[in-house]
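Everything below belongs to entry_28.pdb, which stores PDB, C-alpha atoms, pLDDT in the B column.
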MODEL        1
ATOM      1  CA  MET A  89     114.826 214.534  67.348  1.00 48.00           C
ATOM      2  CA  LYS A  90     113.543 213.789  63.835  1.00 45.00           C
ATOM      3  CA  LYS A  91     112.920 210.153  64.802  1.00 45.00           C
ATOM      4  CA  LEU A  92     110.874 211.266  67.792  1.00 43.00           C
ATOM      5  CA  LEU A  93     108.782 213.628  65.652  1.00 44.00           C
ATOM      6  CA  LEU A  94     108.248 210.926  63.041  1.00 43.00           C
ATOM      7  CA  ALA A  95     107.203 208.414  65.720  1.00 42.00           C
ATOM      8  CA  MET A  96     104.730 210.925  67.177  1.00 45.00           C
ATOM      9  CA  LEU A  97     103.406 211.700  63.706  1.00 45.00           C
ATOM     10  CA  LEU A  98     102.883 208.026  62.903  1.00 45.00           C
ATOM     11  CA  PHE A  99     101.086 207.526  66.218  1.00 45.00           C
ATOM     12  CA  VAL A 100      98.693 210.387  65.464  1.00 47.00           C
ATOM     13  CA  ILE A 101      98.041 208.960  62.011  1.00 45.00           C
ATOM     14  CA  SER A 102      97.240 205.542  63.438  1.00 44.00           C
ATOM     15  CA  ILE A 103      94.514 206.841  65.781  1.00 46.00           C
ATOM     16  CA  VAL A 104      92.806 209.162  63.305  1.00 50.00           C
ATOM     17  CA  ASP A 105      89.706 207.668  61.694  1.00 55.00           C
ATOM     18  CA  ALA A 106      90.195 209.024  58.181  1.00 53.00           C
ATOM     19  CA  GLN A 107      88.680 208.230  54.812  1.00 85.00           C
ATOM     20  CA  LEU A 108      91.758 209.410  52.976  1.00 92.00           C
ATOM     21  CA  THR A 109      95.326 209.860  54.173  1.00 96.00           C
ATOM     22  CA  ILE A 110      97.924 211.474  51.935  1.00 97.00           C
ATOM     23  CA  THR A 111     101.607 211.701  52.790  1.00 97.00           C
ATOM     24  CA  THR A 112     103.898 214.078  50.946  1.00 97.00           C
ATOM     25  CA  ASN A 113     107.671 214.409  50.798  1.00 97.00           C
ATOM     26  CA  LEU A 114     108.345 217.753  49.072  1.00 98.00           C
ATOM     27  CA  ARG A 115     106.965 221.263  49.540  1.00 97.00           C
ATOM     28  CA  GLU A 116     107.371 224.117  47.082  1.00 98.00           C
ATOM     29  CA  ASP A 117     106.186 227.670  47.641  1.00 98.00           C
ATOM     30  CA  GLY A 118     105.594 229.896  44.659  1.00 98.00           C
ATOM     31  CA  VAL A 119     104.218 233.199  43.444  1.00 98.00           C
ATOM     32  CA  TRP A 120     102.464 233.659  40.111  1.00 98.00           C
ATOM     33  CA  ASN A 121     104.341 235.732  37.528  1.00 97.00           C
ATOM     34  CA  LYS A 122     101.594 237.385  35.449  1.00 96.00           C
ATOM     35  CA  GLU A 123     103.958 238.609  32.748  1.00 97.00           C
ATOM     36  CA  LYS A 124     105.603 235.238  32.052  1.00 97.00           C
ATOM     37  CA  MET A 125     102.532 233.170  33.002  1.00 97.00           C
ATOM     38  CA  ILE A 126     104.621 230.848  35.222  1.00 98.00           C
ATOM     39  CA  TRP A 127     105.066 230.043  38.890  1.00 98.00           C
ATOM     40  CA  ASN A 128     108.245 231.509  40.390  1.00 98.00           C
ATOM     41  CA  ILE A 129     109.310 228.995  43.041  1.00 98.00           C
ATOM     42  CA  THR A 130     110.448 230.912  46.129  1.00 98.00           C
ATOM     43  CA  SER A 131     111.363 227.957  48.354  1.00 98.00           C
ATOM     44  CA  THR A 132     111.669 224.174  48.307  1.00 98.00           C
ATOM     45  CA  GLU A 133     111.744 221.916  51.349  1.00 96.00           C
ATOM     46  CA  GLU A 134     111.972 218.143  51.651  1.00 96.00           C
ATOM     47  CA  GLY A 135     110.174 216.486  54.537  1.00 94.00           C
ATOM     48  CA  LEU A 136     107.170 214.412  55.500  1.00 95.00           C
ATOM     49  CA  THR A 137     103.723 216.006  55.799  1.00 96.00           C
ATOM     50  CA  VAL A 138     100.394 214.247  56.277  1.00 97.00           C
ATOM     51  CA  PHE A 139      96.861 215.153  55.234  1.00 97.00           C
ATOM     52  CA  ASN A 140      94.069 213.247  57.038  1.00 96.00           C
ATOM     53  CA  PHE A 141      90.585 213.734  55.554  1.00 96.00           C
ATOM     54  CA  ASP A 142      87.464 212.777  57.487  1.00 95.00           C
ATOM     55  CA  LYS A 143      84.939 210.318  56.075  1.00 91.00           C
ATOM     56  CA  ASN A 144      82.460 213.011  55.026  1.00 91.00           C
ATOM     57  CA  LEU A 145      85.072 215.218  53.331  1.00 93.00           C
ATOM     58  CA  SER A 146      84.025 218.038  55.631  1.00 97.00           C
ATOM     59  CA  SER A 147      87.478 218.642  57.126  1.00 97.00           C
ATOM     60  CA  PHE A 148      91.092 217.569  57.110  1.00 97.00           C
ATOM     61  CA  ARG A 149      94.126 217.837  59.347  1.00 97.00           C
ATOM     62  CA  HIS A 150      97.490 218.854  57.886  1.00 97.00           C
ATOM     63  CA  ILE A 151     100.433 217.680  59.998  1.00 97.00           C
ATOM     64  CA  THR A 152     104.028 218.850  59.504  1.00 93.00           C
ATOM     65  CA  ASN A 153     107.169 218.634  61.652  1.00 90.00           C
ATOM     66  CA  SER A 154     106.383 222.005  63.201  1.00 91.00           C
ATOM     67  CA  ILE A 155     102.588 222.431  63.217  1.00 91.00           C
ATOM     68  CA  SER A 156      99.227 220.729  62.930  1.00 95.00           C
ATOM     69  CA  SER A 157      96.318 222.638  61.377  1.00 97.00           C
ATOM     70  CA  VAL A 158      92.681 221.764  60.808  1.00 98.00           C
ATOM     71  CA  TYR A 159      90.866 222.897  57.672  1.00 98.00           C
ATOM     72  CA  THR A 160      87.112 223.021  57.164  1.00 98.00           C
ATOM     73  CA  ILE A 161      86.044 222.030  53.664  1.00 98.00           C
ATOM     74  CA  LYS A 162      83.402 224.576  52.662  1.00 98.00           C
ATOM     75  CA  ASP A 163      82.735 223.088  49.216  1.00 98.00           C
ATOM     76  CA  TRP A 164      84.277 220.435  46.993  1.00 97.00           C
ATOM     77  CA  ASP A 165      83.976 218.821  43.603  1.00 97.00           C
ATOM     78  CA  TYR A 166      85.533 215.666  42.170  1.00 95.00           C
ATOM     79  CA  ASP A 167      86.394 215.120  38.503  1.00 96.00           C
ATOM     80  CA  GLU A 168      86.713 211.363  38.027  1.00 94.00           C
ATOM     81  CA  LYS A 169      88.229 211.674  34.545  1.00 95.00           C
ATOM     82  CA  GLU A 170      90.976 214.021  35.799  1.00 94.00           C
ATOM     83  CA  VAL A 171      91.261 212.303  39.241  1.00 94.00           C
ATOM     84  CA  LEU A 172      91.015 215.792  40.719  1.00 96.00           C
ATOM     85  CA  TYR A 173      89.456 217.121  43.903  1.00 96.00           C
ATOM     86  CA  GLU A 174      88.866 220.881  43.920  1.00 98.00           C
ATOM     87  CA  MET A 175      87.927 222.413  47.272  1.00 98.00           C
ATOM     88  CA  GLN A 176      87.344 225.690  49.015  1.00 98.00           C
ATOM     89  CA  VAL A 177      88.739 225.413  52.525  1.00 98.00           C
ATOM     90  CA  ARG A 178      89.178 227.558  55.641  1.00 98.00           C
ATOM     91  CA  SER A 179      92.024 227.017  58.099  1.00 98.00           C
ATOM     92  CA  ASP A 180      91.603 226.967  61.861  1.00 97.00           C
ATOM     93  CA  ALA A 181      93.288 230.410  61.774  1.00 96.00           C
ATOM     94  CA  GLY A 182      90.450 231.720  59.563  1.00 96.00           C
ATOM     95  CA  ASN A 183      92.349 231.887  56.256  1.00 96.00           C
ATOM     96  CA  ASP A 184      90.615 230.854  53.029  1.00 98.00           C
ATOM     97  CA  TYR A 185      92.281 228.777  50.303  1.00 98.00           C
ATOM     98  CA  ASP A 186      91.478 227.095  47.031  1.00 98.00           C
ATOM     99  CA  PHE A 187      92.785 223.562  47.461  1.00 98.00           C
ATOM    100  CA  MET A 188      93.432 220.762  44.981  1.00 98.00           C
ATOM    101  CA  VAL A 189      94.320 217.101  45.227  1.00 97.00           C
ATOM    102  CA  ASP A 190      95.614 216.185  41.767  1.00 97.00           C
ATOM    103  CA  GLY A 191      95.833 212.402  41.482  1.00 94.00           C
ATOM    104  CA  VAL A 192      97.238 212.377  37.951  1.00 95.00           C
ATOM    105  CA  ASN A 193     100.192 214.684  38.719  1.00 97.00           C
ATOM    106  CA  GLU A 194     100.416 213.470  42.350  1.00 97.00           C
ATOM    107  CA  LEU A 195     100.169 216.936  43.894  1.00 98.00           C
ATOM    108  CA  VAL A 196      98.356 218.629  46.762  1.00 98.00           C
ATOM    109  CA  ILE A 197      98.171 222.408  46.280  1.00 98.00           C
ATOM    110  CA  PHE A 198      96.957 225.379  48.314  1.00 98.00           C
ATOM    111  CA  PHE A 199      96.240 228.618  46.378  1.00 98.00           C
ATOM    112  CA  TYR A 200      95.720 231.997  48.031  1.00 98.00           C
ATOM    113  CA  TYR A 201      96.305 235.750  47.786  1.00 97.00           C
ATOM    114  CA  ASP A 202      98.766 237.298  50.228  1.00 96.00           C
ATOM    115  CA  ASP A 203      98.387 240.717  51.935  1.00 94.00           C
ATOM    116  CA  GLN A 204      99.912 242.430  48.874  1.00 96.00           C
ATOM    117  CA  GLU A 205      97.429 240.647  46.557  1.00 96.00           C
ATOM    118  CA  ASN A 206     100.104 238.349  45.074  1.00 97.00           C
ATOM    119  CA  PHE A 207      98.676 235.005  43.915  1.00 98.00           C
ATOM    120  CA  ARG A 208     100.576 232.280  45.763  1.00 98.00           C
ATOM    121  CA  MET A 209     100.684 228.522  46.009  1.00 98.00           C
ATOM    122  CA  VAL A 210     102.023 225.901  48.350  1.00 98.00           C
ATOM    123  CA  ARG A 211     102.507 222.679  46.402  1.00 98.00           C
ATOM    124  CA  HIS A 212     103.191 219.293  47.998  1.00 98.00           C
ATOM    125  CA  THR A 213     104.357 216.227  46.049  1.00 98.00           C
ATOM    126  CA  ILE A 214     102.377 213.115  47.010  1.00 97.00           C
ATOM    127  CA  LYS A 215     104.438 210.232  48.327  1.00 97.00           C
ATOM    128  CA  GLU A 216     101.605 207.843  49.192  1.00 96.00           C
ATOM    129  CA  THR A 217      97.829 207.702  49.532  1.00 93.00           C
ATOM    130  CA  ASN A 218      95.681 205.390  51.632  1.00 91.00           C
ATOM    131  CA  PHE A 219      91.889 205.030  51.367  1.00 82.00           C
ATOM    132  CA  GLN A 220      89.880 203.566  54.234  1.00 79.00           C
ATOM    133  CA  GLU A 221      86.337 202.407  53.568  1.00 67.00           C
TER     134      GLU A 221
ENDMDL
END

What does this structure look like when you write it as structure tokens?
Amino acid sequence: MKKLLLAMLLFVISIVDAQLTITTNLREDGVWNKEKMIWNITSTEEGLTVFNFDKNLSSFRHITNSISSVYTIKDWDYDEKEVLYEMQVRSDAGNDYDFMVDGVNELVIFFYYDDQENFRMVRHTIKETNFQE
């Protein structure tokens, strides 16, 4: 089953006309601990995910084993010295996130507030990046 999902995922990647493709191999979910000023990691999961960004950096598709979501990039900034993209994005479900692609630390991170106003993150470790020009 995993081989079939991986084959389908690779096929989708091959037909997408993306400027930037990022694959990740580890996901960590966390909640911010205000008192200790640290992230409390609530779950860790190994597995392939893919981020495909369009040429204009106006949207990206996030593909996992269980779901594929499209995000609209509402605004973005790039810090060349820090190799850091900072974005404000909205999911196809209508949820807003602060989003970072950190090239130095090789991380992709979503930040958001949950329904109880807890500050949360979903952090992916970058496995590989591919730029198409």

Work out how far CA of Asp190 in chain A is from CA of Lys124 in chain A, in Å to one decimal.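 Computing it gives 23.6 Å between the two atoms.
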
Please compute the CA of Tyr201 in chain A-CA of Phe187 in chain A distance, one decimal, in Å.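 Going from CA of Tyr201 in chain A over to CA of Phe187 in chain A covers 12.7 Å.
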
So what does the PyMOL selection byres ((chain A and resi 107) around 6) actually pick up in this one, as a ChimeraX atom specification? /A:106,108,141-143,219-220

Output check: residues returned by the PyMOL selection byres ((chain A and resi 207-214) around 8), as a short mmCIF file (atom, residue, chain, number, x, y, z; two decimals) with C-alpha atoms, keeping the file's coordinate frame:
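Produced file part-v3.cif, reproduced below:
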data_model
loop_
_atom_site.label_atom_id
_atom_site.label_comp_id
_atom_site.auth_asym_id
_atom_site.auth_seq_id
_atom_site.Cartn_x
_atom_site.Cartn_y
_atom_site.Cartn_z
CA ILE A 110 97.92 211.47 51.94
CA THR A 111 101.61 211.70 52.79
CA THR A 112 103.90 214.08 50.95
CA ASN A 113 107.67 214.41 50.80
CA LEU A 114 108.34 217.75 49.07
CA ARG A 115 106.96 221.26 49.54
CA GLU A 116 107.37 224.12 47.08
CA ASP A 117 106.19 227.67 47.64
CA GLY A 118 105.59 229.90 44.66
CA VAL A 119 104.22 233.20 43.44
CA TRP A 120 102.46 233.66 40.11
CA GLU A 194 100.42 213.47 42.35
CA LEU A 195 100.17 216.94 43.89
CA VAL A 196 98.36 218.63 46.76
CA ILE A 197 98.17 222.41 46.28
CA PHE A 198 96.96 225.38 48.31
CA PHE A 199 96.24 228.62 46.38
CA TYR A 200 95.72 232.00 48.03
CA TYR A 201 96.30 235.75 47.79
CA ASP A 202 98.77 237.30 50.23
CA GLU A 205 97.43 240.65 46.56
CA ASN A 206 100.10 238.35 45.07
CA LYS A 215 104.44 210.23 48.33
CA GLU A 216 101.60 207.84 49.19
CA THR A 217 97.83 207.70 49.53
#

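CA of Ser156 in chain A sits 19.5 Å away from CA of Thr132 in chain A.
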
What's the 9 Å shell around range 169-186 of chain A, counting all atoms listed in the file, without same-chain residues fewer than 3 positions away, as a PDB file with C-alpha atoms, in the frame of the given file?
ATOM      1  CA  SER A 147      87.478 218.642  57.126  1.00 97.00           C
ATOM      2  CA  SER A 157      96.318 222.638  61.377  1.00 97.00           C
ATOM      3  CA  VAL A 158      92.681 221.764  60.808  1.00 98.00           C
ATOM      4  CA  TYR A 159      90.866 222.897  57.672  1.00 98.00           C
ATOM      5  CA  THR A 160      87.112 223.021  57.164  1.00 98.00           C
ATOM      6  CA  ILE A 161      86.044 222.030  53.664  1.00 98.00           C
ATOM      7  CA  LYS A 162      83.402 224.576  52.662  1.00 98.00           C
ATOM      8  CA  ASP A 163      82.735 223.088  49.216  1.00 98.00           C
ATOM      9  CA  TRP A 164      84.277 220.435  46.993  1.00 97.00           C
ATOM     10  CA  ASP A 165      83.976 218.821  43.603  1.00 97.00           C
ATOM     11  CA  TYR A 166      85.533 215.666  42.170  1.00 95.00           C
ATOM     12  CA  VAL A 189      94.320 217.101  45.227  1.00 97.00           C
ATOM     13  CA  ASP A 190      95.614 216.185  41.767  1.00 97.00           C
ATOM     14  CA  GLY A 191      95.833 212.402  41.482  1.00 94.00           C
ATOM     15  CA  VAL A 192      97.238 212.377  37.951  1.00 95.00           C
ATOM     16  CA  ILE A 197      98.171 222.408  46.280  1.00 98.00           C
ATOM     17  CA  PHE A 198      96.957 225.379  48.314  1.00 98.00           C
ATOM     18  CA  PHE A 199      96.240 228.618  46.378  1.00 98.00           C
ATOM     19  CA  TYR A 200      95.720 231.997  48.031  1.00 98.00           C
ATOM     20  CA  TYR A 201      96.305 235.750  47.786  1.00 97.00           C
TER      21      TYR A 201
END

I'd like the box whose edges run along x, y and z of the file and which contains every listed atom of range 153-171 of chain A, padded by 6 Å per side; could you state its centre and edge lengths in Å, one decimal, as AutoDock Vina command-line options?
--center_x 95.0 --center_y 218.0 --center_z 48.9 --size_x 36.4 --size_y 25.2 --size_z 40.7

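Among the candidate residues A:Gln204, A:Ser146, A:Thr109, A:Thr152, the one lying nearest to Glu134 in chain A is A:Thr152, with distances computed using all atoms listed in the file.
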